[in-house]
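Enquirer: This one is upload-v6.tsv, TSV, C-alpha atoms and all ligand atoms.
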```tsv
chain	number	residue	atom	x	y	z
A	94	MET	CA	10.90	18.30	7.36
A	95	SER	CA	7.12	18.04	7.39
A	96	PRO	CA	5.50	14.61	7.53
A	97	LEU	CA	3.91	13.03	4.46
A	98	ILE	CA	1.40	11.15	6.59
A	99	GLU	CA	0.15	12.24	9.99
A	100	VAL	CA	-2.53	10.22	11.77
A	101	ARG	CA	-3.83	11.12	15.22
A	102	GLY	CA	-6.27	9.23	17.42
A	103	LEU	CA	-7.76	7.20	14.58
A	104	ARG	CA	-10.65	4.94	15.53
A	105	TYR	CA	-12.78	2.80	13.28
A	106	ARG	CA	-15.72	0.53	14.01
A	107	TYR	CA	-17.24	-1.69	11.32
A	108	GLU	CA	-21.01	-1.76	10.96
A	109	ASP	CA	-21.25	-5.07	12.81
A	110	GLY	CA	-19.69	-3.43	15.90
A	111	THR	CA	-16.10	-4.69	15.46
A	112	ASP	CA	-13.68	-2.11	16.87
A	113	ALA	CA	-10.93	-2.49	14.27
A	114	LEU	CA	-8.87	0.62	15.15
A	115	ARG	CA	-8.75	1.92	18.73
A	116	GLY	CA	-6.74	5.13	18.62
A	117	ILE	CA	-3.84	4.98	16.17
A	118	ASP	CA	-1.08	7.63	16.04
A	119	PHE	CA	1.21	7.23	13.04
A	120	THR	CA	3.64	9.46	11.15
A	121	VAL	CA	5.67	8.95	7.98
A	122	TYR	CA	8.42	11.27	6.76
A	123	PRO	CA	9.86	11.51	3.23
A	124	GLY	CA	12.28	8.71	2.44
A	125	GLU	CA	10.90	6.30	5.04
A	126	THR	CA	9.70	2.76	4.41
A	127	VAL	CA	7.49	1.83	7.33
A	128	VAL	CA	6.54	-1.83	7.66
A	129	LEU	CA	3.33	-2.75	9.50
A	130	LEU	CA	3.46	-6.03	11.40
A	131	GLY	CA	0.89	-7.78	13.55
A	132	ALA	CA	-1.38	-10.80	13.67
A	133	ASN	CA	-4.25	-11.35	11.26
A	134	GLY	CA	-7.10	-9.13	12.33
A	135	SER	CA	-4.91	-6.62	14.16
A	136	GLY	CA	-6.16	-3.80	11.93
A	137	LYS	CA	-3.43	-3.31	9.31
A	138	THR	CA	-5.67	-3.40	6.25
A	139	THR	CA	-8.35	-1.30	7.91
A	140	PHE	CA	-5.68	1.26	8.76
A	141	LEU	CA	-4.22	1.37	5.22
A	142	LEU	CA	-7.68	1.96	3.73
A	143	HIS	CA	-7.88	5.22	5.71
A	144	LEU	CA	-4.79	6.64	4.01
A	145	ASN	CA	-6.69	7.45	0.83
A	146	GLY	CA	-10.17	7.77	2.27
A	147	LEU	CA	-11.58	4.37	1.27
A	148	LEU	CA	-12.61	4.16	4.93
A	149	GLN	CA	-13.20	7.12	7.21
A	150	GLY	CA	-13.11	6.85	10.97
A	151	GLU	CA	-12.88	9.20	13.92
A	152	GLY	CA	-9.70	11.16	14.51
A	153	SER	CA	-7.47	12.90	12.03
A	154	VAL	CA	-5.70	11.59	8.92
A	155	ARG	CA	-3.54	14.04	6.99
A	156	VAL	CA	-1.57	13.36	3.79
A	157	CYS	CA	0.86	15.89	2.33
A	158	GLY	CA	-0.66	18.52	4.61
A	159	MET	CA	-4.25	17.81	3.49
A	160	ASP	CA	-7.08	16.35	5.54
A	161	VAL	CA	-8.24	13.09	4.02
A	162	SER	CA	-11.86	14.15	3.57
A	163	PRO	CA	-14.25	13.94	0.61
A	164	ARG	CA	-13.37	17.38	-0.76
A	165	ASN	CA	-9.70	16.32	-0.97
A	166	PHE	CA	-10.13	12.71	-2.13
A	167	ARG	CA	-9.09	13.39	-5.69
A	168	GLU	CA	-5.88	15.12	-4.67
A	169	VAL	CA	-5.13	12.68	-1.86
A	170	ARG	CA	-5.56	9.72	-4.21
A	171	SER	CA	-3.08	11.21	-6.63
A	172	LYS	CA	-0.54	11.45	-3.76
A	173	VAL	CA	-1.15	8.02	-2.22
A	174	GLY	CA	-0.73	5.06	-4.58
A	175	MET	CA	-2.40	2.00	-3.08
A	176	VAL	CA	-1.59	-1.57	-4.12
A	177	PHE	CA	-4.20	-3.94	-2.72
A	178	GLN	CA	-3.56	-7.40	-1.37
A	179	ASP	CA	-5.50	-9.01	-4.19
A	180	ALA	CA	-4.19	-7.74	-7.53
A	181	ASP	CA	-7.32	-9.09	-9.24
A	182	GLU	CA	-9.31	-6.36	-7.48
A	183	GLN	CA	-7.10	-3.77	-9.12
A	184	LEU	CA	-6.77	-5.09	-12.68
A	185	PHE	CA	-10.00	-5.01	-14.63
A	186	MET	CA	-9.35	-3.61	-18.12
A	187	PRO	CA	-8.90	-5.70	-21.30
A	188	THR	CA	-5.16	-5.02	-21.62
A	189	VAL	CA	-2.33	-4.24	-19.23
A	190	LEU	CA	-1.77	-0.88	-20.96
A	191	ASP	CA	-5.45	0.12	-20.56
A	192	ASP	CA	-5.26	-0.83	-16.92
A	193	VAL	CA	-2.17	1.22	-16.18
A	194	ALA	CA	-3.46	4.19	-18.22
A	195	PHE	CA	-6.74	4.19	-16.29
A	196	GLY	CA	-5.33	6.23	-13.38
A	197	PRO	CA	-3.82	9.09	-15.42
A	198	LEU	CA	-6.95	9.19	-17.62
A	199	ASN	CA	-8.99	9.52	-14.46
A	200	GLN	CA	-6.67	12.30	-13.32
A	201	GLY	CA	-7.71	14.19	-16.45
A	202	PHE	CA	-4.75	13.60	-18.75
A	203	PRO	CA	-5.54	13.28	-22.47
A	204	ALA	CA	-5.40	9.73	-23.88
A	205	GLU	CA	-1.97	10.12	-25.47
A	206	GLU	CA	-0.36	11.53	-22.34
A	207	ALA	CA	-2.06	8.85	-20.21
A	208	ALA	CA	-0.69	6.13	-22.51
A	209	ALA	CA	2.80	7.68	-22.38
A	210	ARG	CA	2.70	7.72	-18.57
A	211	ALA	CA	1.44	4.15	-18.54
A	212	ARG	CA	4.25	2.97	-20.84
A	213	SER	CA	6.83	4.70	-18.73
A	214	ALA	CA	5.44	3.09	-15.55
A	215	LEU	CA	5.35	-0.34	-17.24
A	216	ALA	CA	8.99	0.07	-18.27
A	217	ARG	CA	9.81	1.04	-14.65
A	218	VAL	CA	8.42	-2.26	-13.34
A	219	GLY	CA	9.93	-4.34	-16.16
A	220	LEU	CA	6.67	-5.08	-18.00
A	221	GLY	CA	7.27	-2.92	-21.06
A	222	ASP	CA	6.94	-5.86	-23.42
A	223	ILE	CA	3.55	-7.17	-22.27
A	224	GLU	CA	1.38	-4.08	-22.52
A	225	HIS	CA	-1.10	-5.73	-24.89
A	226	ARG	CA	-1.70	-8.84	-22.82
A	227	ALA	CA	-4.82	-9.45	-20.76
A	228	PRO	CA	-4.18	-8.83	-17.06
A	229	TYR	CA	-5.93	-12.04	-15.95
A	230	HIS	CA	-3.43	-14.14	-17.91
A	231	LEU	CA	-0.39	-12.74	-16.09
A	232	SER	CA	1.56	-14.59	-13.40
A	233	ALA	CA	1.09	-13.50	-9.78
A	234	GLY	CA	4.37	-11.58	-9.85
A	235	GLU	CA	3.47	-9.84	-13.11
A	236	LYS	CA	0.03	-8.94	-11.76
A	237	ARG	CA	1.57	-7.37	-8.68
A	238	ARG	CA	3.98	-5.35	-10.81
A	239	ALA	CA	1.17	-4.32	-13.18
A	240	ALA	CA	-0.86	-3.10	-10.18
A	241	LEU	CA	2.20	-1.18	-8.98
A	242	ALA	CA	2.66	0.33	-12.46
A	243	GLY	CA	-0.98	1.44	-12.28
A	244	VAL	CA	-0.23	3.55	-9.22
A	245	LEU	CA	3.20	4.73	-10.44
A	246	ALA	CA	1.55	6.09	-13.59
A	247	MET	CA	-0.17	8.63	-11.32
A	248	GLU	CA	3.22	9.74	-9.96
A	249	PRO	CA	2.31	9.42	-6.28
A	250	GLU	CA	4.46	10.63	-3.38
A	251	ILE	CA	3.61	7.69	-1.15
A	252	LEU	CA	3.23	4.00	-1.98
A	253	VAL	CA	0.97	1.88	0.20
A	254	LEU	CA	1.18	-1.90	-0.23
A	255	ASP	CA	-0.95	-4.46	1.59
A	256	GLU	CA	0.76	-7.87	1.92
A	257	PRO	CA	2.49	-7.50	-1.45
A	258	THR	CA	4.26	-10.89	-1.32
A	259	THR	CA	1.00	-12.84	-1.16
A	260	TYR	CA	0.98	-15.52	-3.92
A	261	LEU	CA	4.56	-14.66	-5.00
A	262	ASP	CA	7.25	-17.34	-5.29
A	263	PRO	CA	10.79	-16.51	-4.04
A	264	PRO	CA	12.14	-15.20	-7.38
A	265	ALA	CA	9.10	-12.94	-7.79
A	266	GLN	CA	9.56	-11.75	-4.19
A	267	ARG	CA	13.20	-10.88	-4.85
A	268	ASN	CA	12.21	-9.07	-8.01
A	269	LEU	CA	9.61	-7.04	-6.08
A	270	ILE	CA	12.13	-6.16	-3.35
A	271	GLY	CA	14.63	-4.88	-5.94
A	272	LEU	CA	11.91	-2.87	-7.63
A	273	LEU	CA	10.59	-1.31	-4.41
A	274	VAL	CA	14.09	-0.43	-3.19
A	275	SER	CA	14.70	1.36	-6.49
A	276	LEU	CA	11.60	3.56	-6.13
A	277	PRO	CA	12.16	6.89	-4.36
A	278	GLN	CA	8.69	7.25	-2.81
A	279	ALA	CA	8.02	6.86	0.90
A	280	LYS	CA	6.34	3.51	1.50
A	281	VAL	CA	3.96	1.95	3.99
A	282	VAL	CA	3.91	-1.83	3.68
A	283	ALA	CA	1.88	-4.39	5.62
A	284	THR	CA	3.63	-7.75	5.50
A	285	HIS	CA	4.19	-11.04	7.32
A	286	ASP	CA	7.42	-11.79	5.54
A	287	VAL	CA	10.53	-11.12	7.67
A	288	ARG	CA	13.04	-11.19	4.85
A	289	PHE	CA	10.89	-8.92	2.79
A	290	ALA	CA	10.47	-6.54	5.74
A	291	ALA	CA	14.19	-6.63	6.54
A	292	ALA	CA	15.12	-5.77	2.96
A	293	LEU	CA	12.93	-2.67	2.96
A	294	ALA	CA	12.08	-1.34	6.40
A	295	THR	CA	13.57	1.83	7.82
A	296	ARG	CA	11.09	1.48	10.70
A	297	ALA	CA	8.54	-1.04	11.88
A	298	VAL	CA	5.20	-0.61	13.60
A	299	PHE	CA	3.56	-3.50	15.43
A	300	PHE	CA	-0.25	-3.55	15.45
A	301	ASP	CA	-2.11	-5.41	18.17
A	302	LYS	CA	-5.91	-5.45	18.39
A	303	GLY	CA	-6.34	-2.11	16.69
A	304	ARG	CA	-3.58	-0.32	18.55
A	305	VAL	CA	0.08	0.41	17.89
A	306	ALA	CA	1.75	-1.81	20.48
A	307	LYS	CA	5.29	-0.74	19.62
A	308	GLU	CA	7.33	0.99	16.94
A	309	GLY	CA	11.04	1.17	16.27
A	310	LYS	CA	13.73	-0.87	14.58
A	311	LEU	CA	12.55	-4.05	12.91
A	312	ASP	CA	14.94	-6.30	14.89
A	313	GLU	CA	13.78	-4.93	18.23
A	314	ILE	CA	10.17	-5.45	17.37
A	315	VAL	CA	10.68	-8.97	16.08
A	316	GLU	CA	12.52	-9.83	19.28
A	317	LEU	CA	10.09	-8.09	21.61
A	318	PHE	CA	7.04	-9.84	20.18
A	319	GLN	CA	8.88	-13.05	19.33
A	320	TRP	CA	7.12	-12.70	16.06
A	321	ASP	CA	6.97	-16.02	14.28
A	322	TRP	CA	7.24	-15.22	10.62
A	323	GLY	CA	6.46	-18.59	9.12
A	324	THR	CA	7.21	-18.44	5.44
A	401	LIG	N1	-15.74	-5.65	6.37
A	401	LIG	C1	-15.59	-5.95	7.67
A	401	LIG	N2	-16.67	-6.00	8.49
A	401	LIG	C2	-16.52	-6.29	9.81
A	401	LIG	N3	-15.32	-6.52	10.41
A	401	LIG	C3	-14.23	-6.47	9.63
A	401	LIG	C4	-14.29	-6.18	8.22
A	401	LIG	N4	-13.03	-6.21	7.72
A	401	LIG	C5	-12.22	-6.49	8.76
A	401	LIG	N5	-12.93	-6.64	9.90
A	401	LIG	C6	-12.42	-6.92	11.26
A	401	LIG	O1	-11.61	-5.82	11.65
A	401	LIG	C7	-10.47	-6.26	12.36
A	401	LIG	C8	-9.21	-5.81	11.64
A	401	LIG	O2	-9.12	-6.50	10.40
A	401	LIG	P1	-8.02	-6.16	9.31
A	401	LIG	O3	-7.90	-4.69	9.21
A	401	LIG	O4	-8.39	-6.91	8.09
A	401	LIG	O5	-6.70	-6.76	9.98
A	401	LIG	P2	-5.32	-7.26	9.32
A	401	LIG	O6	-5.20	-6.60	7.98
A	401	LIG	O7	-4.29	-6.84	10.31
A	401	LIG	O8	-5.41	-8.74	9.20
A	401	LIG	C9	-10.63	-7.79	12.48
A	401	LIG	O9	-11.28	-8.07	13.69
A	401	LIG	C10	-11.52	-8.12	11.30
A	401	LIG	O10	-12.25	-9.30	11.54
A	402	MG	MG	-4.89	-7.42	6.11
```
Show how you would write the structure in this file as structure tokens.

Expert:
Amino acid sequence: MSPLIEVRGLRYRYEDGTDALRGIDFTVYPGETVVLLGANGSGKTTFLLHLNGLLQGEGSVRVCGMDVSPRNFREVRSKVGMVFQDADEQLFMPTVLDDVAFGPLNQGFPAEEAAARARSALARVGLGDIEHRAPYHLSAGEKRRAALAGVLAMEPEILVLDEPTTYLDPPAQRNLIGLLVSLPQAKVVATHDVRFAAALATRAVFFDKGRVAKEGKLDEIVELFQWDWGT
């Protein structure tokens, strides 16, 4: 089976000189849900932003057999659906339906087909009945699901989620777990939340100061790093 994501020797330095990634090797196969753990500032978000070319460092990043480079961005971004930590960055259209249809429209689908894909994605995340509402009036849990619908409408092969439980209360977290488990795509999820990670992870990767300190089973990693999950 060939990997969906293959990263080798990835390094990234921000303009102010911060070495955020110091040589990351990382592979994801179909069917996996890989959880990224590690302290604030260990490089998880910086890493995720390389998976669809929002940042480009040194080393190699391949997705579905393609190099993540400007000539492939369009194709890569249709394969990798990214849900950002702050849903407000992702939702910017007047209605939920417009927001979710934005991706397929951008992919070149005609308006009717884009709307059909958006409605199907909204039904998938349980928001079929609020398509005409304004995104900024939704609850945190609804916003997260709307952002997820926005990427599902593009029918990606990989879902990337950065701290998806941020701002969610326990019922909304449980709802999101059930939803993610039901989706067939491979997933890469950065999270601090142990129960959330345990419900999803097939493998865990522990980031430390821009490196992968350890990867393996979630339990082993939690124990090894005595990771204090808080709430
Ligand atoms: N825009 C930026 N400019 C400079 N440094 C940044 C920027 N964003 C993040 N960093 C730094 O890069 C490192 C990794 O950050 P980040 O990827 O956000 O980690 P995490 O998501 O694990 O909390 C940290 O030292 C952080 O301060
Ligand atoms: Mg982060």

Enquirer: Got a sec to check which residues lie within 7 Å of ligand LIG 401 (chain A), using all atoms listed in the file, and send them as a tab-separated table (two decimals) with C-alpha atoms, in the coordinates of the input?

Expert:
```
chain	number	residue	atom	x	y	z
A	107	TYR	CA	-17.24	-1.69	11.32
A	108	GLU	CA	-21.01	-1.76	10.96
A	109	ASP	CA	-21.25	-5.07	12.81
A	111	THR	CA	-16.10	-4.69	15.46
A	112	ASP	CA	-13.68	-2.11	16.87
A	113	ALA	CA	-10.93	-2.49	14.27
A	131	GLY	CA	0.89	-7.78	13.55
A	132	ALA	CA	-1.38	-10.80	13.67
A	133	ASN	CA	-4.25	-11.35	11.26
A	134	GLY	CA	-7.10	-9.13	12.33
A	135	SER	CA	-4.91	-6.62	14.16
A	136	GLY	CA	-6.16	-3.80	11.93
A	137	LYS	CA	-3.43	-3.31	9.31
A	138	THR	CA	-5.67	-3.40	6.25
A	139	THR	CA	-8.35	-1.30	7.91
A	140	PHE	CA	-5.68	1.26	8.76
A	303	GLY	CA	-6.34	-2.11	16.69
```

Enquirer: Work out how far CA of Met175 (chain A) is from CA of Leu198 (chain A), in Å to one decimal.

Expert: 16.8 Å

Enquirer: Identify which of the residues A:Gly124, A:Arg106, A:Met247, A:Gln266 lies closest to Glu206 (chain A), counting only C-alpha atoms when measuring atom-to-atom distances.

Expert: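 Smallest separation from Glu206 (chain A) among the options: A:Met247.
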
Enquirer: Go through A:Ala306, A:Phe195, A:Met186, A:Val315 and flag the residue nearest Arg210 (chain A), using only C-alpha atoms for the distances.

Expert: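 Nearest candidate to Arg210 (chain A) out of A:Ala306, A:Phe195, A:Met186, A:Val315: A:Phe195.
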
Enquirer: Which of these residues is nearest to Gln319 (chain A), using all atoms listed in the file: A:Val161, A:Arg101, A:Leu144, A:Phe299?

Expert: A:Phe299

Enquirer: Could you tell me how far CA of Leu141 (chain A) lies from CA of Val156 (chain A), in Å and to one decimal?

Expert: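 Atom-to-atom, CA of Leu141 (chain A) to CA of Val156 (chain A), that is 12.4 Å.
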
Enquirer: Separation of CA of Leu317 (chain A) and CA of Arg288 (chain A), in Å?

Expert: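 A separation of 17.3 Å between them.
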
Enquirer: Hey, what's within 9 Å of Ala194 (chain A) if we count all atoms listed in the file and toss same-chain stuff fewer than 6 positions away? As a list in words, please?

Expert: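 Returned residues: Ala204, Glu206, Ala207, Ala208, Ala209, Arg210, Ala211, Arg212, Gly243, Ala246 and Met247 of chain A.
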
Enquirer: Between A:Val121, A:Val127, A:Leu269, A:Leu148, which is the closest to Glu99 (chain A) once you count all atoms listed in the file?

Expert: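 Smallest distance to Glu99 (chain A) is found for A:Val121.
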
Enquirer: In terms of the shortest atom-to-atom distance over all atoms listed in the file, which of A:Gly116, A:Gly309, A:Pro96, A:Pro249 is closest to Glu168 (chain A)?

Expert: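 Result for the nearest residue to Glu168 (chain A): A:Pro249.
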
Enquirer: Considering all atoms listed in the file, can you say which of A:Ile314, A:Leu252, A:Val100, A:Ala283 comes closest to ligand MG 402 (chain A)?

Expert: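 The closest residue to ligand MG 402 (chain A) is A:Ala283.
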
Enquirer: List as a CSV table (one decimal) with C-alpha atoms, keeping the file's coordinate frame: which residues have an atom within 10 Å of (1.9, 1.7, -14.3), counting only C-alpha atoms?

Expert:
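Just written: part27.csv:
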```csv
chain,number,residue,atom,x,y,z
A,189,VAL,CA,-2.3,-4.2,-19.2
A,190,LEU,CA,-1.8,-0.9,-21.0
A,191,ASP,CA,-5.4,0.1,-20.6
A,192,ASP,CA,-5.3,-0.8,-16.9
A,193,VAL,CA,-2.2,1.2,-16.2
A,194,ALA,CA,-3.5,4.2,-18.2
A,195,PHE,CA,-6.7,4.2,-16.3
A,196,GLY,CA,-5.3,6.2,-13.4
A,197,PRO,CA,-3.8,9.1,-15.4
A,208,ALA,CA,-0.7,6.1,-22.5
A,210,ARG,CA,2.7,7.7,-18.6
A,211,ALA,CA,1.4,4.2,-18.5
A,212,ARG,CA,4.2,3.0,-20.8
A,213,SER,CA,6.8,4.7,-18.7
A,214,ALA,CA,5.4,3.1,-15.6
A,215,LEU,CA,5.4,-0.3,-17.2
A,216,ALA,CA,9.0,0.1,-18.3
A,217,ARG,CA,9.8,1.0,-14.6
A,218,VAL,CA,8.4,-2.3,-13.3
A,220,LEU,CA,6.7,-5.1,-18.0
A,221,GLY,CA,7.3,-2.9,-21.1
A,238,ARG,CA,4.0,-5.4,-10.8
A,239,ALA,CA,1.2,-4.3,-13.2
A,240,ALA,CA,-0.9,-3.1,-10.2
A,241,LEU,CA,2.2,-1.2,-9.0
A,242,ALA,CA,2.7,0.3,-12.5
A,243,GLY,CA,-1.0,1.4,-12.3
A,244,VAL,CA,-0.2,3.6,-9.2
A,245,LEU,CA,3.2,4.7,-10.4
A,246,ALA,CA,1.6,6.1,-13.6
A,247,MET,CA,-0.2,8.6,-11.3
A,248,GLU,CA,3.2,9.7,-10.0
```
